[in-house]
Structure formats: structure tokens, C-alpha cells
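As provided, upload_2.cif (mmCIF, C-alpha atoms and all ligand atoms) reads as follows.
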data_protein
loop_
_atom_site.label_atom_id
_atom_site.label_comp_id
_atom_site.auth_asym_id
_atom_site.auth_seq_id
_atom_site.Cartn_x
_atom_site.Cartn_y
_atom_site.Cartn_z
CA MET A 1 112.67 115.79 85.52
CA THR A 2 114.20 116.03 82.03
CA ASP A 3 111.80 117.57 79.51
CA PHE A 4 112.47 115.48 76.42
CA MET A 5 109.16 116.15 74.68
CA GLY A 6 107.69 119.29 76.22
CA GLU A 7 106.11 119.53 79.65
CA LEU A 8 104.57 116.35 81.07
CA CYS A 9 100.78 116.16 81.51
CA VAL A 10 98.85 113.18 82.92
CA LEU A 11 95.09 113.06 82.31
CA SER A 12 92.50 110.50 83.37
CA GLY A 13 89.14 109.35 82.09
CA ASN A 14 86.53 108.04 84.51
CA ALA A 15 87.69 104.41 84.50
CA HIS A 16 90.30 104.56 87.27
CA GLN A 17 90.98 108.03 88.64
CA SER A 18 92.52 106.73 91.87
CA LEU A 19 95.26 104.95 89.89
CA ALA A 20 95.89 108.10 87.82
CA SER A 21 96.17 110.14 91.04
CA LYS A 22 98.66 107.65 92.51
CA ILE A 23 100.73 107.81 89.31
CA CYS A 24 100.79 111.61 89.64
CA GLU A 25 101.84 111.30 93.30
CA TYR A 26 104.77 109.15 92.16
CA LEU A 27 105.67 111.72 89.48
CA LYS A 28 105.13 114.60 91.93
CA ILE A 29 102.88 116.45 89.49
CA PRO A 30 99.19 117.39 89.77
CA LEU A 31 96.69 115.36 87.76
CA GLY A 32 95.76 117.31 84.60
CA GLN A 33 92.34 118.94 84.55
CA ALA A 34 89.72 117.43 82.27
CA GLU A 35 85.99 116.91 82.35
CA VAL A 36 84.61 113.72 80.88
CA PHE A 37 80.86 113.18 81.04
CA LYS A 38 77.81 112.03 79.11
CA PHE A 39 75.05 114.22 77.72
CA PRO A 40 71.46 113.10 78.33
CA ASN A 41 71.51 111.47 74.87
CA ASP A 42 74.31 109.11 76.04
CA ASN A 43 76.99 110.88 73.95
CA THR A 44 80.33 111.17 75.75
CA PHE A 45 81.88 114.63 75.94
CA VAL A 46 85.41 115.63 76.92
CA ARG A 47 87.01 118.99 77.63
CA ILE A 48 90.64 119.29 78.63
CA LYS A 49 90.64 122.21 81.03
CA GLU A 50 94.27 123.26 80.76
CA ASN A 51 96.72 124.11 78.01
CA VAL A 52 98.34 121.00 76.47
CA ARG A 53 99.88 122.67 73.39
CA GLU A 54 103.18 120.89 72.56
CA ARG A 55 103.00 118.98 75.85
CA ASP A 56 103.79 115.27 76.39
CA VAL A 57 100.32 113.97 77.31
CA PHE A 58 99.64 110.60 78.98
CA ILE A 59 95.98 109.53 79.26
CA VAL A 60 95.33 106.86 81.91
CA GLN A 61 92.34 104.64 81.17
CA PRO A 62 92.05 100.86 81.65
CA MET A 63 89.34 99.14 79.61
CA SER A 64 87.41 98.10 82.68
CA VAL A 65 83.62 97.75 82.98
CA PRO A 66 81.77 99.44 81.29
CA VAL A 67 84.35 98.48 78.69
CA ASN A 68 82.82 100.16 75.64
CA ASP A 69 82.16 103.43 77.48
CA ASN A 70 85.69 103.51 78.87
CA LEU A 71 87.19 102.74 75.47
CA MET A 72 85.10 105.49 73.88
CA GLU A 73 86.16 107.97 76.58
CA LEU A 74 89.79 107.13 75.86
CA LEU A 75 89.36 107.59 72.09
CA ILE A 76 87.61 110.93 72.56
CA MET A 77 90.24 112.13 75.05
CA ILE A 78 93.00 111.27 72.58
CA ASP A 79 91.12 113.19 69.88
CA ALA A 80 90.67 116.18 72.21
CA ALA A 81 94.39 116.21 73.09
CA LYS A 82 95.44 116.00 69.43
CA ARG A 83 93.07 118.81 68.44
CA ALA A 84 94.46 120.88 71.33
CA SER A 85 97.91 120.52 69.69
CA ALA A 86 99.48 118.16 72.21
CA GLY A 87 103.08 117.38 71.23
CA ARG A 88 102.68 113.64 71.81
CA VAL A 89 99.84 111.51 73.17
CA THR A 90 100.41 108.22 74.98
CA ALA A 91 97.42 106.02 75.83
CA VAL A 92 98.17 104.43 79.21
CA ILE A 93 96.02 101.29 79.24
CA PRO A 94 96.85 99.26 82.36
CA TYR A 95 94.29 96.63 81.28
CA TYR A 96 93.76 96.13 77.53
CA GLY A 97 90.20 94.89 76.99
CA TYR A 98 89.13 92.67 74.09
CA ALA A 99 92.60 91.09 74.29
CA ARG A 100 91.15 87.58 74.31
CA THR A 101 89.58 88.16 70.88
CA ASP A 102 92.98 88.18 69.22
CA LYS A 103 92.72 85.60 66.45
CA LYS A 104 90.29 84.23 63.87
CA ASP A 105 90.05 80.79 65.42
CA GLN A 106 86.58 79.96 64.08
CA PRO A 107 84.69 81.03 60.96
CA ARG A 108 83.17 84.52 60.75
CA VAL A 109 84.56 85.96 63.99
CA PRO A 110 86.29 89.33 64.44
CA ILE A 111 89.79 90.12 65.70
CA THR A 112 88.59 92.80 68.08
CA ALA A 113 91.97 93.30 69.77
CA ARG A 114 93.24 94.46 66.36
CA LEU A 115 90.17 96.63 65.75
CA VAL A 116 90.77 98.38 69.11
CA ALA A 117 94.42 98.94 68.13
CA ASP A 118 93.28 100.53 64.85
CA LEU A 119 90.76 102.75 66.68
CA LEU A 120 93.42 104.00 69.12
CA THR A 121 95.81 104.77 66.28
CA ALA A 122 93.11 106.45 64.18
CA ALA A 123 92.14 108.60 67.17
CA GLY A 124 95.70 109.92 67.21
CA ALA A 125 97.62 108.00 69.89
CA ASN A 126 101.38 108.20 69.29
CA ARG A 127 102.32 105.50 71.80
CA ILE A 128 100.74 102.84 74.00
CA LEU A 129 101.79 101.98 77.53
CA THR A 130 100.19 98.85 78.94
CA VAL A 131 100.64 96.04 81.48
CA ASP A 132 100.67 92.26 80.92
CA LEU A 133 98.79 91.88 77.65
CA HIS A 134 96.84 88.63 77.42
CA ALA A 135 99.09 87.81 74.44
CA GLY A 136 102.31 89.73 73.79
CA GLN A 137 101.66 89.49 70.04
CA ILE A 138 98.96 92.16 70.42
CA GLN A 139 101.86 94.63 70.39
CA GLY A 140 102.16 93.79 66.68
CA PHE A 141 98.58 94.99 66.04
CA PHE A 142 99.95 98.53 66.39
CA ASN A 143 102.21 100.43 64.02
CA ILE A 144 103.09 102.84 66.83
CA PRO A 145 105.44 102.00 69.73
CA VAL A 146 103.98 99.83 72.49
CA ASP A 147 105.64 99.55 75.88
CA GLU A 148 104.30 96.48 77.65
CA LEU A 149 105.19 96.43 81.34
CA THR A 150 104.82 93.41 83.56
CA ALA A 151 103.55 93.24 87.12
CA LEU A 152 105.34 89.95 87.60
CA PRO A 153 108.22 91.38 89.74
CA ILE A 154 105.66 93.11 92.00
CA LEU A 155 103.78 89.84 92.56
CA VAL A 156 106.98 87.81 93.00
CA ASP A 157 108.34 90.32 95.47
CA TYR A 158 105.20 89.94 97.59
CA PHE A 159 105.48 86.14 97.69
CA SER A 160 109.27 86.08 98.13
CA GLN A 161 108.77 86.28 101.92
CA MET A 162 106.87 82.96 101.88
CA PRO A 163 108.70 79.79 102.96
CA SER A 164 109.61 78.19 99.64
CA GLU A 165 110.89 74.69 100.49
CA ASN A 166 107.39 73.18 100.11
CA LEU A 167 106.04 75.52 97.43
CA SER A 168 105.28 75.00 93.73
CA VAL A 169 104.14 77.61 91.21
CA VAL A 170 101.22 76.49 89.06
CA ALA A 171 100.42 77.89 85.60
CA ILE A 172 96.64 77.98 85.23
CA ASP A 173 96.91 76.95 81.59
CA ILE A 174 99.54 76.23 78.97
CA GLY A 175 99.25 79.77 77.54
CA ILE A 176 100.54 81.35 80.74
CA SER A 177 103.22 78.71 81.41
CA LYS A 178 106.15 80.82 80.13
CA LYS A 179 105.35 83.68 82.51
CA ALA A 180 104.64 81.20 85.31
CA ARG A 181 108.08 79.68 84.68
CA ASP A 182 109.60 83.15 85.25
CA VAL A 183 107.70 83.39 88.55
CA ALA A 184 108.91 79.91 89.58
CA GLU A 185 112.51 80.72 88.64
CA ARG A 186 112.49 83.97 90.56
CA LEU A 187 111.04 82.21 93.62
CA LYS A 188 113.43 79.27 93.04
CA VAL A 189 110.62 76.69 93.26
CA PRO A 190 109.31 74.01 90.85
CA LEU A 191 106.64 74.65 88.21
CA ALA A 192 103.48 72.65 87.53
CA ILE A 193 101.05 73.32 84.65
CA ILE A 194 97.33 72.75 84.37
CA GLU A 195 95.85 71.48 81.13
CA LYS A 196 92.68 73.51 80.65
CA ARG A 197 89.90 73.19 78.09
CA ARG A 198 87.14 75.63 77.17
CA GLN A 199 84.05 74.39 75.29
CA GLY A 200 83.05 76.82 72.54
CA ASN A 201 82.66 80.49 73.45
CA ASP A 202 81.15 80.05 76.88
CA SER A 203 83.16 80.94 79.93
CA ASN A 204 83.18 77.49 81.53
CA ALA A 205 86.76 76.35 81.80
CA GLN A 206 87.58 72.78 82.74
CA SER A 207 90.91 71.85 84.29
CA LEU A 208 91.76 68.37 83.08
CA ASN A 209 95.21 67.46 84.35
CA VAL A 210 97.87 68.77 86.67
CA ILE A 211 101.23 68.26 84.97
CA GLY A 212 103.94 68.20 87.65
CA ASP A 213 104.11 67.24 91.29
CA VAL A 214 101.89 69.14 93.72
CA LYS A 215 101.02 66.31 96.14
CA GLY A 216 101.54 67.52 99.70
CA ARG A 217 102.94 70.84 98.45
CA ASP A 218 101.57 74.36 98.89
CA VAL A 219 100.88 75.99 95.54
CA LEU A 220 100.90 79.50 94.12
CA THR A 221 98.76 79.73 91.00
CA PHE A 222 99.61 82.32 88.37
CA ASP A 223 97.48 83.76 85.56
CA ASP A 224 97.16 87.06 83.70
CA GLU A 225 93.55 87.68 84.74
CA ILE A 226 90.55 86.33 86.58
CA ASP A 227 87.30 87.08 84.79
CA THR A 228 84.42 84.75 85.71
CA GLY A 229 86.68 82.75 88.02
CA GLY A 230 85.88 79.58 86.02
CA SER A 231 89.55 78.82 85.29
CA ILE A 232 90.83 79.34 88.81
CA LEU A 233 87.96 77.54 90.57
CA SER A 234 88.28 74.58 88.25
CA ALA A 235 92.04 74.61 88.84
CA VAL A 236 91.51 74.65 92.61
CA ASP A 237 89.36 71.49 92.31
CA ALA A 238 92.02 69.77 90.19
CA LEU A 239 94.79 70.80 92.59
CA LYS A 240 92.85 69.49 95.59
CA VAL A 241 92.23 66.16 93.79
CA ALA A 242 95.98 66.03 93.06
CA GLY A 243 96.69 66.42 96.79
CA ALA A 244 97.92 70.03 96.96
CA GLY A 245 98.19 71.71 100.37
CA ASP A 246 97.46 75.43 100.86
CA ILE A 247 96.51 77.29 97.68
CA TYR A 248 97.60 80.88 97.07
CA CYS A 249 96.59 82.66 93.93
CA CYS A 250 98.00 85.65 92.06
CA VAL A 251 97.03 87.47 88.88
CA THR A 252 97.83 90.82 87.32
CA HIS A 253 94.28 91.85 86.34
CA PRO A 254 91.34 91.33 88.76
CA VAL A 255 88.50 91.62 86.23
CA PHE A 256 86.07 89.76 88.54
CA SER A 257 82.90 89.71 86.45
CA GLY A 258 79.60 89.07 88.24
CA SER A 259 79.96 87.39 91.61
CA SER A 260 83.36 85.82 90.90
CA LEU A 261 85.11 87.67 93.75
CA GLU A 262 82.64 86.27 96.29
CA LYS A 263 83.04 82.79 94.76
CA MET A 264 86.81 83.05 95.13
CA VAL A 265 86.52 84.16 98.71
CA ASP A 266 84.22 81.19 99.47
CA SER A 267 86.67 78.77 97.83
CA PRO A 268 89.57 76.97 99.56
CA ILE A 269 92.00 79.61 98.23
CA ARG A 270 93.98 80.86 101.22
CA GLU A 271 95.03 84.24 99.82
CA PHE A 272 94.35 86.03 96.59
CA VAL A 273 96.78 88.70 95.37
CA ALA A 274 96.26 91.00 92.37
CA THR A 275 97.21 94.48 91.21
CA ASP A 276 95.19 97.64 90.70
CA THR A 277 95.38 97.73 86.88
CA LEU A 278 91.57 97.75 87.17
CA PRO A 279 89.46 99.43 89.86
CA ILE A 280 88.47 96.84 92.44
CA ASP A 281 86.36 97.16 95.55
CA VAL A 282 87.23 94.24 97.80
CA GLY A 283 84.41 95.18 100.19
CA GLN A 284 84.16 92.63 103.01
CA CYS A 285 86.69 90.33 101.34
CA ASP A 286 89.78 92.21 102.42
CA SER A 287 91.10 89.57 104.84
CA LYS A 288 91.64 87.18 101.93
CA VAL A 289 92.42 89.66 99.14
CA THR A 290 95.57 91.76 98.76
CA ILE A 291 95.85 94.45 96.09
CA LEU A 292 99.31 95.69 95.12
CA SER A 293 99.62 98.95 93.22
CA VAL A 294 101.16 99.27 89.77
CA ALA A 295 101.18 103.08 90.15
CA PRO A 296 104.95 103.30 90.92
CA LEU A 297 105.68 101.00 87.96
CA LEU A 298 103.54 103.06 85.56
CA GLY A 299 104.85 106.31 87.07
CA GLU A 300 108.46 105.24 86.55
CA ALA A 301 107.70 104.09 82.99
CA ILE A 302 106.07 107.46 82.21
CA HIS A 303 109.09 109.24 83.71
CA ARG A 304 111.39 107.19 81.49
CA ILE A 305 109.32 107.56 78.30
CA HIS A 306 109.08 111.29 78.92
CA GLY A 307 112.83 111.61 79.50
CA GLY A 308 113.86 109.33 76.60
CA LEU A 309 115.26 106.72 79.01
CA SER A 310 115.14 102.93 78.70
CA VAL A 311 111.92 101.26 79.88
CA GLY A 312 113.41 97.78 79.39
CA ALA A 313 116.02 98.57 82.04
CA LEU A 314 113.18 98.50 84.58
CA PHE A 315 112.89 94.73 84.11
CA GLU A 316 116.49 93.59 83.89
CA TYR A 317 116.75 90.46 86.00
CA HIS A 318 120.05 88.91 86.96
CA GLY A 319 118.88 85.73 88.72
C1 LIG A 401 92.74 82.66 79.58
O1 LIG A 401 93.28 82.23 78.63
C2 LIG A 401 93.38 83.54 80.61
O2 LIG A 401 94.74 83.26 80.82
C3 LIG A 401 92.62 83.44 81.89
O3 LIG A 401 92.79 82.14 82.39
C4 LIG A 401 91.18 83.70 81.69
O4 LIG A 401 91.00 84.94 81.09
C5 LIG A 401 90.41 83.65 82.98
O5 LIG A 401 89.04 83.73 82.70
P1 LIG A 401 87.96 83.10 83.69
O6 LIG A 401 88.26 83.64 85.06
O7 LIG A 401 86.64 83.57 83.14
O8 LIG A 401 88.10 81.61 83.61
#
Written as C-alpha cells, that's how I'd like the structure from this file.
Amino acid sequence: MTDFMGELCVLSGNAHQSLASKICEYLKIPLGQAEVFKFPNDNTFVRIKENVRERDVFIVQPMSVPVNDNLMELLIMIDAAKRASAGRVTAVIPYYGYARTDKKDQPRVPITARLVADLLTAAGANRILTVDLHAGQIQGFFNIPVDELTALPILVDYFSQMPSENLSVVAIDIGISKKARDVAERLKVPLAIIEKRRQGNDSNAQSLNVIGDVKGRDVLTFDDEIDTGGSILSAVDALKVAGAGDIYCCVTHPVFSGSSLEKMVDSPIREFVATDTLPIDVGQCDSKVTILSVAPLLGEAIHRIHGGLSVGALFEYHG
């Protein structure tokens, strides 16, 4: 591997060590040694247990539950790497938390996605590597380079084996319709869009209308994440009312708060496909749930960033 920036080093916090290990397998390097733990007083402590002086350090840490602890671990690890004289520090954040608090859309509310960006930069991150931000504009909250990867080709590739003559892709809401259009185009099937409404700040989503023809057709729903499952379960009801056939569902980020995974499994959804940007234990639900790994994608992106190669070239699509 070309050493563009000094020797490569991949470290992990406690959020998703199995993903970090898979990334290292792809890169054919050992996972860097670090200890990350809490003192009895709840203060997080980090010690990087190998030399990182002038090295190109990548710290893998999605903002999964417990979100604030995992974010704090990441900030402290960045600080530790900077103070150990790392040459460059990249925060690898497969799932960027607080991304849905990205605008001041009511009086006296914060823009927490921006605050998190400021915290990462203040801690000393030189770059960010992430996957499918809730809103691409979050890249602009940073004054350091952000590489946003997409898991879309991984998900499309999985469903490309499905018979497509009776299939439609369904965007779960208008916000995701552009990405859903990409999925539909790649699968060469029509697109339908659900008009969704959320009342206030609670998590209850209501699917109002299905725009497009799904009657008698199998459908593949697409969204960036499932959190409480409110959006998808409400969409399933609307699709059934509209006469849809089998319902398949894919998302990049399986947040699955509370009992939402169980609710999904008990729903008419035939198969649910997501990636491992967040740790997920599918437990007894594995016959209905498929998890595809983003480790090769992140590993290849790290290889390219480290070697000064194009990351965009990973996503060139020639219909
Ligand atoms: C919302 O705008 C997103 O695209 C997802 O639809 C949303 O985050 C899913 O949340 P939940 O599963 O709680 O409805």
C-alpha cells in the first residue's frame, strides 16, 4: 500500500469493534491497540497503546446507542491521537448521530448536527469519513474535508437478483426520493413515493398517500434509517391499502430503537435488508433480516484516502 501520509493506523472505540476488525481484515493490517474505558466516576479514559507519531490515523466509531458516550469516546480518542503527534486524524463515522437535528425549523431549538461537527473539529479531526448522511448538506457543517460514502450500490446489488418485471421501488418519504430514484434506475424499475407527515417532535409518522402505481406490484421500500419503525410500519399499512403485493424493505442504518426490530419482524414485511454501519444483534429474527457489511467499502475508502487516490471513483455509475 502506498504510504502517502505516514504509516496507516486504524483504531476503534467501543461502539462497533467488529466493524473496525472487518475493515482491518480488508486492509490486511492489525487493528491498532487502544484502551477505552470509564472510571468509576463515569469519566471516559483513552490510552493509545502503540506509537502513532506522524501516522495516518483512522478512528472507527459510529454514533450508536449510547450515543453521547460513543460520541465522547470518539472526541477523546481524537484528542489522544493529536496529543500523541499523529500526522493526520480521520474520524470514521459510519452512522452520524444527531443528523436529524440539522435545521432551526421551530423557535428556540438547536442545530445539534452542526454542534457535533464543531466538537469533532475542535477535538482535532482533520477529515471525516461517513456513510449516507441523513442530509448531504451536513457536509457543509464542517470546514474540514468530508467523504460521504453511500451503501446504495451494496443494497442494489443484493436486490438485483430479484425478478424485476413486477417490482416498484418506494421512497418512504419525499426527502429520500432522490436516492430512491437512483435505486429504481439501477434496478430498472418504476418509482413510487410516500407522502409522510410527522406531528411535532414525537416519533409517530403517518403515511398519507402513495404517489405512483403499486397495485398488484411487489415493492422495495428505501430509506436512510429505521429508528422507531414508525415510518416504515405506517408505510406498510399505506402500501397494503394501495394494493401492493410482497413488501421488501432496505435501509442503510438499522438504528432500531426500543422494540422496533421485533415490530418489523411481526409486520407483513417479507424481508428486511440493512448494513452494519451500526452494531445490530438480529437474535431470533435472522430468517427475515439480512445484514450486508460496509467494511469492504470503508476499507477501500480508507485505502484510497491514505494513498491520495480518488474516493469518488468508487461510485462511478455508467447505467
Ligand atoms: C426521516 O426523515 C428518515 O428518512 C427516516 O424515515 C426516519 O429517520 C425513520 O424514523 P422512524 O423509524 O422513527 O420513523
>> Considering only C-alpha atoms and all ligand atoms, can you say which of A:Thr150, A:Thr277, A:Ile302, A:Arg100 comes closest to ligand LIG 401 (chain A)?
In response: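 Nearest candidate to ligand LIG 401 (chain A) out of A:Thr150, A:Thr277, A:Ile302, A:Arg100: A:Arg100.
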> Looking at A:Asp223, A:Glu35, A:Glu300, A:Asp56, which one is nearest to ligand LIG 401 (chain A), with distances taken over all atoms listed in the file?
Replying inline: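 Smallest separation from ligand LIG 401 (chain A) among the options: A:Asp223.
Look at Leu278 of chain A: the protein and nucleic acid residues within 7 Å of it, using all atoms listed in the file and passing over chain neighbours fewer than 3 places away, are A:His16, A:Pro62, A:Ser64, A:Tyr95, A:His253, A:Pro254, A:Val255.
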What would the file look like if the residues just selected were written as a tab-separated table (two decimals), keeping the file's coordinate frame with C-alpha atoms?
chain	number	residue	atom	x	y	z
A	16	HIS	CA	90.30	104.56	87.27
A	62	PRO	CA	92.05	100.86	81.65
A	64	SER	CA	87.41	98.10	82.68
A	95	TYR	CA	94.29	96.63	81.28
A	253	HIS	CA	94.28	91.85	86.34
A	254	PRO	CA	91.34	91.33	88.76
A	255	VAL	CA	88.50	91.62	86.23
> Which chains and residue numbers are within 7 Å of ligand LIG 401 (chain A), counting all atoms listed in the file, if I want them as a VMD selection string?
Replying inline: chain A and resid 134 172 to 173 175 to 176 203 to 205 223 to 232
> Which one is closest to Gly243 of chain A: A:Val36, A:Leu149, A:Val214, A:Ala80? Count all atoms listed in the file.
Replying inline: A:Val214
>> So, with all atoms listed in the file as the atoms that count, which of A:Val311, A:Ile211, A:Ala151, A:Ile144 lies closest to Ala238 of chain A?
In response: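 Looking only at the distances to Ala238 of chain A, the closest residue turns out to be A:Ile211.
The spacing separating atom CA of Ile111 of chain A from atom CA of Ile78 of chain A amounts to 22.5 Å.
With atom CA of Gly307 of chain A on one side and atom CA of Gln61 of chain A on the other, the separation reads 21.7 Å.
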>> Please compute the atom CA of Arg83 of chain A-atom CA of Val131 of chain A distance, one decimal, in Å.
In response: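 Interatomic distance here is 27.3 Å.
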> Leaving out Pro145 of chain A and any residue of its chain fewer than 3 positions from it, which residues lie within 12 Å of it when counting all atoms listed in the file, given as a list in words?
Replying inline: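 Contacts, with the query itself left out: Val89, Thr90, Ala91, Ala117, Thr121, Ala125, Asn126, Arg127, Ile128, Leu129, Thr130, Ile138, Gln139, Gly140, Phe141, Phe142, Glu148 and Ile305 of chain A.
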> Which neighbours of segment 186-188 of chain A fall inside 7 Å, counting only C-alpha atoms, when residues of the same chain fewer than 3 positions from it are skipped, and could you give them as a PyMOL selection string?
Replying inline: chain A and resi 156+160+182-183+319
10 Å contact set for segment 163-165 of chain A, all atoms listed in the file, chain neighbours under 3 positions out, as an mmCIF file with C-alpha atoms, in the coordinates of the input:
data_model
loop_
_atom_site.group_PDB
_atom_site.id
_atom_site.type_symbol
_atom_site.label_atom_id
_atom_site.label_comp_id
_atom_site.auth_asym_id
_atom_site.auth_seq_id
_atom_site.Cartn_x
_atom_site.Cartn_y
_atom_site.Cartn_z
ATOM 1 C CA PHE A 159 105.480 86.140 97.690
ATOM 2 C CA SER A 160 109.270 86.080 98.130
ATOM 3 C CA SER A 168 105.280 75.000 93.730
ATOM 4 C CA LEU A 187 111.040 82.210 93.620
ATOM 5 C CA LYS A 188 113.430 79.270 93.040
ATOM 6 C CA VAL A 189 110.620 76.690 93.260
ATOM 7 C CA PRO A 190 109.310 74.010 90.850
ATOM 8 C CA ARG A 217 102.940 70.840 98.450
ATOM 9 C CA ASP A 218 101.570 74.360 98.890
ATOM 10 C CA VAL A 219 100.880 75.990 95.540
#
>> Residues within 12 Å of Glu262 of chain A, please, as a list in words. Count only C-alpha atoms; anything in the same chain fewer than 6 positions from it doesn't count.
In response: Thr228, Gly229, Leu233, Phe256, Ile269, Phe272, Asp281, Val282, Gly283, Gln284, Cys285, Asp286, Lys288 and Val289 of chain A
> Smallest atom-to-atom distance to Val251 of chain A: which of A:Lys179, A:Arg47, A:Lys82, A:Lys196, using all atoms listed in the file?
Replying inline: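 Checking each candidate against Val251 of chain A, we get A:Lys179 as the closest.
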>> Which residue is closest to Gly136 of chain A? Choose from A:Leu314, A:Ala15, A:Val169, A:Ala99 and count all atoms listed in the file.
In response: A:Ala99
